[in-house]
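Q: Provided herewith is a single structure, encoded as structure tokens, for subsequent inquiry.
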Amino acid sequence: MAASKSAALGPLVGAVDQGTSSTRFLVFNSKTAELLTHHQVEIKQEFPKEGWVEQDPREILQSVLVCIEKTCEKLAQLNVDVSNIKAIGVTNQRETTVVWDKVTGEPLYNAVVWLDLRTQSTVGELSKRIPGNNNFVKFKTGLPLSTYFSAVKLRWILDNVRKVQKAVEENRALFGTIDSWLIWSLTGGVNGGVHCTDVTNASRTMLFNIHSLEWDKELCDFFGIPMEILPNIRSSSEIYGLMKAGALEGVPISGCLGDQSAALVGQMCFQDGQAKNTYGTGCFLLCNTGHKCVFSEHGLLTTVAYKLGRDKPVYYALEGSVAIAGAVVRWLRDNLGIIKSSEQIEVLANEVGTSYGCYFVPAFSGLYAPYWEPSARGIICGLTQFTNKCHIAFAALEAVCFQTREILDAMNHDCGIPLSHLQVDGGMTSNKILMQLQADILCIPVVKPSMPETTALGVAMAAGAAEGVGVWSLEPEDLSSVTMERFQPQINAEESGTRYSTWKKAVMKSMGWVATQSPESGDPSIFCSLPLGFFIVTSMVMLIGARYI
């Protein structure tokens, strides 16, 4: 970008995109939605015990600071003045739970990640206390009682971490999802940091009433959570505070959306019935249901989609959540070593073009929508001596597509009007084999924007549109048109249905693997032998390490 064009850029908006696998900071032109530059840092995940998934909140914060500084350096190389950045938005992995000390600013325990399963027995005990004819938890929150959500993670921390118990007793503890931890830290931390969250992140805690848009005392009492440690609830688009350090000191943080809500906004799904599917660590299909809460009869969640301003109306969504999508590729890379980079899976899959009857159910953290079955664990089945690593790679990609079909089928039943196409985004959408497989398995076109960073774009839009910032118009006539790539189904519906039916058989075989003893005790289930409780069911021979791989 030439220096002479710098002035013509118009106002810029930055977006912190803090995900399960990595952190990024991206800068967009508010007039054209063009992505100027970005920087990315991979984040470590820790697995201290079977079923446990943790991250270091300090590493997460440091990764954000590094990404901001490096992106600003890249802007300087493009002859773009960082003073053009008028606002910053924060989008984040949802449900992941952090408790920190407001006096020292230090985390009191590792962040317990949304994928974590240690609370299985906590969920079991709490379930017994919900009357069968009055599931007030689901009515108020839109969520099933599950290890997935923040309240049970926070309950476990309060029960098991003495440092947290002491900090609560001494009124030093603060709780938040990742957005709250970042906004508090970036706006000053111990020196006046703003302790807040937005309605989309709050709606994933199981402590938030999605009808009144407030923390709910009955829910907090049910989970035993002291309300004084909870963040203030704000809209998704307003000024929360100012950056207090670094190259962007003084810039307002004015947008906050959970990652899937941000992608919904970034895909411009502002109308009732519009939907998108994001392929990240997990896979998340959201359908805008407008101003009304729609409760699913097919295993989907009811959640807050967005509220783009203090005085603006709230929008809701139906959501189908799949725990493992991109994470299965990372697992093949880090745990099995059959690929050296995530991109290599496309090369392997392309070599064979089929799974050759091999099916992969990556239920590393149980099964989410539409089953909500925590006893499930991952399996590969249908193996023969002919099977090799290329077939397993192909089966892993197919698994992502089959899981998407399951939640799309549920969405179509709940909404009553089948989707005519699927809008997609997320890191995995760069894999053309995956996108073509998805179209084939769904039997409808898959539509991908040429600029795939829709999660970051969505929160940048929210930040730029905030009152007091006003550099990004969300009026329909002002929204930039997006170039799309379209993948058409290339197999007939009968073949697609046959493969899907076989997948469903594999899913049934994945259930019931975990014994009554839960990961919460710290002892692996008697069934678990491979990392993350992964199982290989084979008709002839287990192939890992064999000559075919």
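In the structure tokens, chains take letters A, B, ... by order of appearance, with residues numbered from 1 within each chain and ligands from 1 in the order shown.
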If we count only C-alpha atoms and set the cut-off at 9 Å, which residues sit around Phe360 (chain A), ignoring sequence neighbours fewer than 2 positions away in its own chain? Please answer as a list in words.

A: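 The residues satisfying every condition are Cys358, Pro362, Gly378, Ile379, Ile380, Cys381, Gly382, Ile392, Ala395, Ala396, Leu397, Glu398, Ala399, Trp503, Ala506, Val507 and Ile536 of chain A.
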
Q: Would you list, as an MDAnalysis selection string, the residues of region 199-252 of chain A that end up in strand (DSSP E) under DSSP run on this structure's backbone?

A: chainID A and resid 208:209 214:215 232:234 237:242 252

Q: Suppose we keep N, CA and C atoms; can you now write the selection as a PDB file, in the first residue's frame?

A:
ATOM      1  N   PHE A 208     -26.910 -16.847  33.284  1.00  0.00           N
ATOM      2  CA  PHE A 208     -27.510 -15.670  32.663  1.00  0.00           C
ATOM      3  C   PHE A 208     -28.910 -16.009  32.159  1.00  0.00           C
ATOM      4  N   ASN A 209     -29.863 -15.163  32.501  1.00  0.00           N
ATOM      5  CA  ASN A 209     -31.239 -15.335  32.052  1.00  0.00           C
ATOM      6  C   ASN A 209     -31.374 -14.686  30.671  1.00  0.00           C
ATOM      7  N   GLU A 214     -30.057 -10.627  32.330  1.00  0.00           N
ATOM      8  CA  GLU A 214     -29.378 -10.334  33.594  1.00  0.00           C
ATOM      9  C   GLU A 214     -28.855 -11.627  34.215  1.00  0.00           C
ATOM     10  N   TRP A 215     -27.843 -11.469  35.111  1.00  0.00           N
ATOM     11  CA  TRP A 215     -27.475 -12.604  35.946  1.00  0.00           C
ATOM     12  C   TRP A 215     -28.697 -13.000  36.764  1.00  0.00           C
ATOM     13  N   ASN A 232     -19.885  -7.202  35.026  1.00  0.00           N
ATOM     14  CA  ASN A 232     -21.047  -6.422  34.605  1.00  0.00           C
ATOM     15  C   ASN A 232     -21.415  -6.802  33.171  1.00  0.00           C
ATOM     16  N   ILE A 233     -22.705  -6.847  32.912  1.00  0.00           N
ATOM     17  CA  ILE A 233     -23.182  -7.247  31.584  1.00  0.00           C
ATOM     18  C   ILE A 233     -23.428  -6.007  30.729  1.00  0.00           C
ATOM     19  N   ARG A 234     -22.853  -6.032  29.524  1.00  0.00           N
ATOM     20  CA  ARG A 234     -22.995  -4.901  28.609  1.00  0.00           C
ATOM     21  C   ARG A 234     -23.489  -5.413  27.259  1.00  0.00           C
ATOM     22  N   SER A 237     -21.842  -3.855  21.570  1.00  0.00           N
ATOM     23  CA  SER A 237     -21.302  -2.716  20.830  1.00  0.00           C
ATOM     24  C   SER A 237     -21.478  -1.444  21.643  1.00  0.00           C
ATOM     25  N   GLU A 238     -20.476  -1.119  22.424  1.00  0.00           N
ATOM     26  CA  GLU A 238     -20.428   0.128  23.198  1.00  0.00           C
ATOM     27  C   GLU A 238     -19.008   0.282  23.726  1.00  0.00           C
ATOM     28  N   ILE A 239     -18.648   1.465  24.149  1.00  0.00           N
ATOM     29  CA  ILE A 239     -17.298   1.681  24.677  1.00  0.00           C
ATOM     30  C   ILE A 239     -17.236   1.155  26.109  1.00  0.00           C
ATOM     31  N   TYR A 240     -16.358   0.155  26.323  1.00  0.00           N
ATOM     32  CA  TYR A 240     -16.185  -0.436  27.657  1.00  0.00           C
ATOM     33  C   TYR A 240     -15.076   0.275  28.424  1.00  0.00           C
ATOM     34  N   GLY A 241     -14.050   0.706  27.722  1.00  0.00           N
ATOM     35  CA  GLY A 241     -12.906   1.365  28.341  1.00  0.00           C
ATOM     36  C   GLY A 241     -11.850   1.624  27.288  1.00  0.00           C
ATOM     37  N   LEU A 242     -10.721   2.213  27.704  1.00  0.00           N
ATOM     38  CA  LEU A 242      -9.647   2.564  26.788  1.00  0.00           C
ATOM     39  C   LEU A 242      -8.429   1.679  27.024  1.00  0.00           C
ATOM     40  N   PRO A 252     -10.332   3.181  22.197  1.00  0.00           N
ATOM     41  CA  PRO A 252     -11.431   2.524  22.917  1.00  0.00           C
ATOM     42  C   PRO A 252     -11.618   1.066  22.506  1.00  0.00           C
TER      43      PRO A 252
END

Q: What does the structure give for the distance between CA of Ile178 (chain A) and CA of Ser365 (chain A), in Å to one decimal?

A: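 Separation between CA of Ile178 (chain A) and CA of Ser365 (chain A): 20.3 Å.
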
Q: Which polymer residues have any atom within 8 Å of an atom of region 312-322 of chain A, counting only C-alpha atoms, with same-chain residues fewer than 4 positions away left out, as an NGL selection string?

A: :A and (282-296 or 299-308 or 367-370 or 403-404 or 407-408 or 411)

Q: Selection from above, N, CA and C atoms, as a JSON list (two decimals), in the first residue's frame, can you write it?

A:
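Dumped to selection33.json:
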[["chain", "number", "residue", "atom", "x", "y", "z"],
["A", 282, "GLY", "N", -13.74, -26.40, 17.06],
["A", 282, "GLY", "CA", -15.01, -27.12, 16.94],
["A", 282, "GLY", "C", -15.73, -26.64, 15.70],
["A", 283, "CYS", "N", -16.99, -26.99, 15.60],
["A", 283, "CYS", "CA", -17.81, -26.61, 14.44],
["A", 283, "CYS", "C", -19.14, -26.09, 14.98],
["A", 284, "PHE", "N", -19.57, -24.90, 14.52],
["A", 284, "PHE", "CA", -20.71, -24.25, 15.14],
["A", 284, "PHE", "C", -21.63, -23.66, 14.07],
["A", 285, "LEU", "N", -22.84, -24.19, 14.03],
["A", 285, "LEU", "CA", -23.86, -23.74, 13.09],
["A", 285, "LEU", "C", -24.86, -22.87, 13.86],
["A", 286, "LEU", "N", -24.99, -21.60, 13.46],
["A", 286, "LEU", "CA", -25.92, -20.68, 14.10],
["A", 286, "LEU", "C", -26.94, -20.18, 13.09],
["A", 287, "CYS", "N", -28.19, -20.13, 13.52],
["A", 287, "CYS", "CA", -29.28, -19.60, 12.70],
["A", 287, "CYS", "C", -29.96, -18.47, 13.46],
["A", 288, "ASN", "N", -29.99, -17.30, 12.87],
["A", 288, "ASN", "CA", -30.64, -16.13, 13.47],
["A", 288, "ASN", "C", -32.15, -16.38, 13.58],
["A", 289, "THR", "N", -32.70, -16.27, 14.79],
["A", 289, "THR", "CA", -34.15, -16.44, 14.97],
["A", 289, "THR", "C", -34.84, -15.12, 15.32],
["A", 290, "GLY", "N", -34.14, -14.01, 15.10],
["A", 290, "GLY", "CA", -34.75, -12.71, 15.33],
["A", 290, "GLY", "C", -34.89, -12.38, 16.81],
["A", 291, "HIS", "N", -35.99, -11.70, 17.16],
["A", 291, "HIS", "CA", -36.18, -11.24, 18.54],
["A", 291, "HIS", "C", -36.80, -12.30, 19.43],
["A", 292, "LYS", "N", -37.05, -13.48, 18.90],
["A", 292, "LYS", "CA", -37.72, -14.51, 19.71],
["A", 292, "LYS", "C", -36.77, -15.66, 20.04],
["A", 293, "CYS", "N", -36.91, -16.18, 21.27],
["A", 293, "CYS", "CA", -36.19, -17.39, 21.66],
["A", 293, "CYS", "C", -36.92, -18.59, 21.07],
["A", 294, "VAL", "N", -36.23, -19.38, 20.29],
["A", 294, "VAL", "CA", -36.79, -20.62, 19.76],
["A", 294, "VAL", "C", -36.12, -21.78, 20.49],
["A", 295, "PHE", "N", -36.93, -22.62, 21.13],
["A", 295, "PHE", "CA", -36.38, -23.76, 21.88],
["A", 295, "PHE", "C", -36.42, -25.00, 21.00],
["A", 296, "SER", "N", -35.28, -25.68, 20.94],
["A", 296, "SER", "CA", -35.13, -26.81, 20.04],
["A", 296, "SER", "C", -35.74, -28.08, 20.62],
["A", 299, "GLY", "N", -32.06, -31.16, 20.05],
["A", 299, "GLY", "CA", -30.72, -31.13, 20.63],
["A", 299, "GLY", "C", -29.90, -29.89, 20.35],
["A", 300, "LEU", "N", -30.53, -28.82, 19.82],
["A", 300, "LEU", "CA", -29.80, -27.58, 19.59],
["A", 300, "LEU", "C", -29.91, -26.66, 20.80],
["A", 301, "LEU", "N", -29.05, -25.65, 20.85],
["A", 301, "LEU", "CA", -29.03, -24.68, 21.94],
["A", 301, "LEU", "C", -29.79, -23.42, 21.52],
["A", 302, "THR", "N", -30.39, -22.76, 22.50],
["A", 302, "THR", "CA", -30.95, -21.42, 22.29],
["A", 302, "THR", "C", -29.98, -20.44, 22.93],
["A", 303, "THR", "N", -29.53, -19.46, 22.16],
["A", 303, "THR", "CA", -28.48, -18.59, 22.67],
["A", 303, "THR", "C", -28.70, -17.16, 22.19],
["A", 304, "VAL", "N", -27.99, -16.21, 22.80],
["A", 304, "VAL", "CA", -28.05, -14.82, 22.36],
["A", 304, "VAL", "C", -27.13, -14.66, 21.16],
["A", 305, "ALA", "N", -27.66, -14.11, 20.07],
["A", 305, "ALA", "CA", -26.86, -13.90, 18.86],
["A", 305, "ALA", "C", -26.03, -12.63, 18.96],
["A", 306, "TYR", "N", -26.67, -11.52, 19.33],
["A", 306, "TYR", "CA", -25.97, -10.25, 19.49],
["A", 306, "TYR", "C", -26.95, -9.20, 20.00],
["A", 307, "LYS", "N", -26.39, -8.11, 20.51],
["A", 307, "LYS", "CA", -27.15, -6.91, 20.88],
["A", 307, "LYS", "C", -26.22, -5.73, 20.56],
["A", 308, "LEU", "N", -26.43, -5.13, 19.40],
["A", 308, "LEU", "CA", -25.45, -4.20, 18.86],
["A", 308, "LEU", "C", -25.72, -2.77, 19.33],
["A", 367, "LEU", "N", -19.91, -36.38, 22.91],
["A", 367, "LEU", "CA", -20.63, -35.85, 21.75],
["A", 367, "LEU", "C", -21.48, -34.66, 22.18],
["A", 368, "TYR", "N", -21.38, -33.56, 21.45],
["A", 368, "TYR", "CA", -22.23, -32.40, 21.69],
["A", 368, "TYR", "C", -23.51, -32.57, 20.87],
["A", 369, "ALA", "N", -23.99, -31.51, 20.25],
["A", 369, "ALA", "CA", -25.26, -31.57, 19.51],
["A", 369, "ALA", "C", -25.17, -32.59, 18.38],
["A", 370, "PRO", "N", -26.27, -33.31, 18.11],
["A", 370, "PRO", "CA", -27.56, -33.24, 18.81],
["A", 370, "PRO", "C", -27.70, -34.26, 19.94],
["A", 403, "GLN", "N", -20.73, -34.55, 10.95],
["A", 403, "GLN", "CA", -21.21, -33.88, 12.15],
["A", 403, "GLN", "C", -22.01, -32.63, 11.79],
["A", 404, "THR", "N", -21.55, -31.92, 10.77],
["A", 404, "THR", "CA", -22.29, -30.74, 10.31],
["A", 404, "THR", "C", -23.65, -31.14, 9.78],
["A", 407, "ILE", "N", -26.15, -31.63, 12.65],
["A", 407, "ILE", "CA", -26.73, -30.42, 13.26],
["A", 407, "ILE", "C", -27.56, -29.64, 12.25],
["A", 408, "LEU", "N", -27.23, -29.73, 10.95],
["A", 408, "LEU", "CA", -28.06, -29.07, 9.94],
["A", 408, "LEU", "C", -29.43, -29.74, 9.85],
["A", 411, "MET", "N", -31.38, -28.50, 12.71],
["A", 411, "MET", "CA", -31.77, -27.11, 12.47],
["A", 411, "MET", "C", -32.96, -27.04, 11.52]]

Q: Tell me, as a VMD selection string, which residues lie within 10 Å of Phe28 (chain A), counting only C-alpha atoms; anything in the same chain fewer than 5 positions away does not count.

A: chain A and resid 9 11 to 15 33 to 38 85 456 to 457 460 to 461 464

Q: List the neighbours of Met435 (chain A) out to 9 Å using only C-alpha atoms; skip same-chain residues closer than 4 positions along the sequence, and give me the result as a ChimeraX atom specification.

A: /A:401,424,428-431,439-440,446-448,487

Q: Would you export the selected residues with C-alpha atoms as a short mmCIF file (atom, residue, chain, number, x, y, z; two decimals), in the first residue's frame, please?

A:
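Once written, out33.cif looks like this:
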data_model
loop_
_atom_site.label_atom_id
_atom_site.label_comp_id
_atom_site.auth_asym_id
_atom_site.auth_seq_id
_atom_site.Cartn_x
_atom_site.Cartn_y
_atom_site.Cartn_z
CA CYS A 401 -18.86 -32.95 7.35
CA VAL A 424 -19.29 -21.14 5.88
CA MET A 428 -10.69 -25.08 7.84
CA THR A 429 -12.59 -23.59 4.90
CA SER A 430 -9.29 -23.07 3.06
CA ASN A 431 -9.31 -26.87 2.58
CA ALA A 439 -21.43 -29.95 -0.27
CA ASP A 440 -21.58 -33.64 -1.26
CA VAL A 446 -21.63 -24.55 0.27
CA VAL A 447 -20.85 -20.84 -0.03
CA LYS A 448 -17.56 -19.44 1.26
CA PHE A 487 -19.10 -25.56 -4.03
#

Q: Kindly indicate which residue among A:Thr91, A:Val265, A:Phe223, A:Arg333 lies nearest to Arg129 (chain A), using only C-alpha atoms for the distances.

A: A:Phe223

Q: Name all residues at most 12 Å from Lys153 (chain A) (count only C-alpha atoms; drop same-chain ones fewer than 4 positions away) and give them as a ChimeraX atom specification.

A: /A:52-54,95-99,109-123,145-149,157-161,175-177,204-207,223-225,520

Q: Go through A:Gln18, A:Ser83, A:Gln40, A:Ser185 one by one, measure the shortest atom-to-atom distance of each to Glu106 (chain A) using only C-alpha atoms, and give the residue with the smallest value.

A: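 That would be A:Ser185, the residue with the smallest distance to Glu106 (chain A).
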
Q: Within 7 Å of Ala325 (chain A), counting only C-alpha atoms, which residues qualify if same-chain residues fewer than 2 places away don't, as a VMD selection string?

A: chain A and resid 279 to 283 323 327 to 328 400

Q: Any chance you can output those residues with C-alpha atoms as a PDB file, in the first residue's frame?

A:
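Final output, saved to again.pdb:
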ATOM      1  CA  TYR A 279     -15.079 -24.506  11.137  1.00  0.00           C
ATOM      2  CA  GLY A 280     -12.538 -23.907  13.888  1.00  0.00           C
ATOM      3  CA  THR A 281     -11.366 -26.070  16.781  1.00  0.00           C
ATOM      4  CA  GLY A 282     -15.011 -27.120  16.942  1.00  0.00           C
ATOM      5  CA  CYS A 283     -17.811 -26.610  14.443  1.00  0.00           C
ATOM      6  CA  ALA A 323     -16.775 -30.163  19.919  1.00  0.00           C
ATOM      7  CA  ALA A 327      -9.005 -30.214  16.643  1.00  0.00           C
ATOM      8  CA  VAL A 328      -9.030 -33.613  14.926  1.00  0.00           C
ATOM      9  CA  VAL A 400     -16.359 -32.904  10.229  1.00  0.00           C
TER      10      VAL A 400
END

Q: Which is closer to Gly105 (chain A) than all the others in A:His39, A:Arg172, A:Arg330, A:Lys138, using only C-alpha atoms?

A: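 Closest to Gly105 (chain A), using only C-alpha atoms: A:Arg172.
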
Q: One number please: CA of Cys443 (chain A) to CA of Asp272 (chain A), in Å, one decimal.

A: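 So the two atoms, CA of Cys443 (chain A) and CA of Asp272 (chain A), lie 22.9 Å apart.
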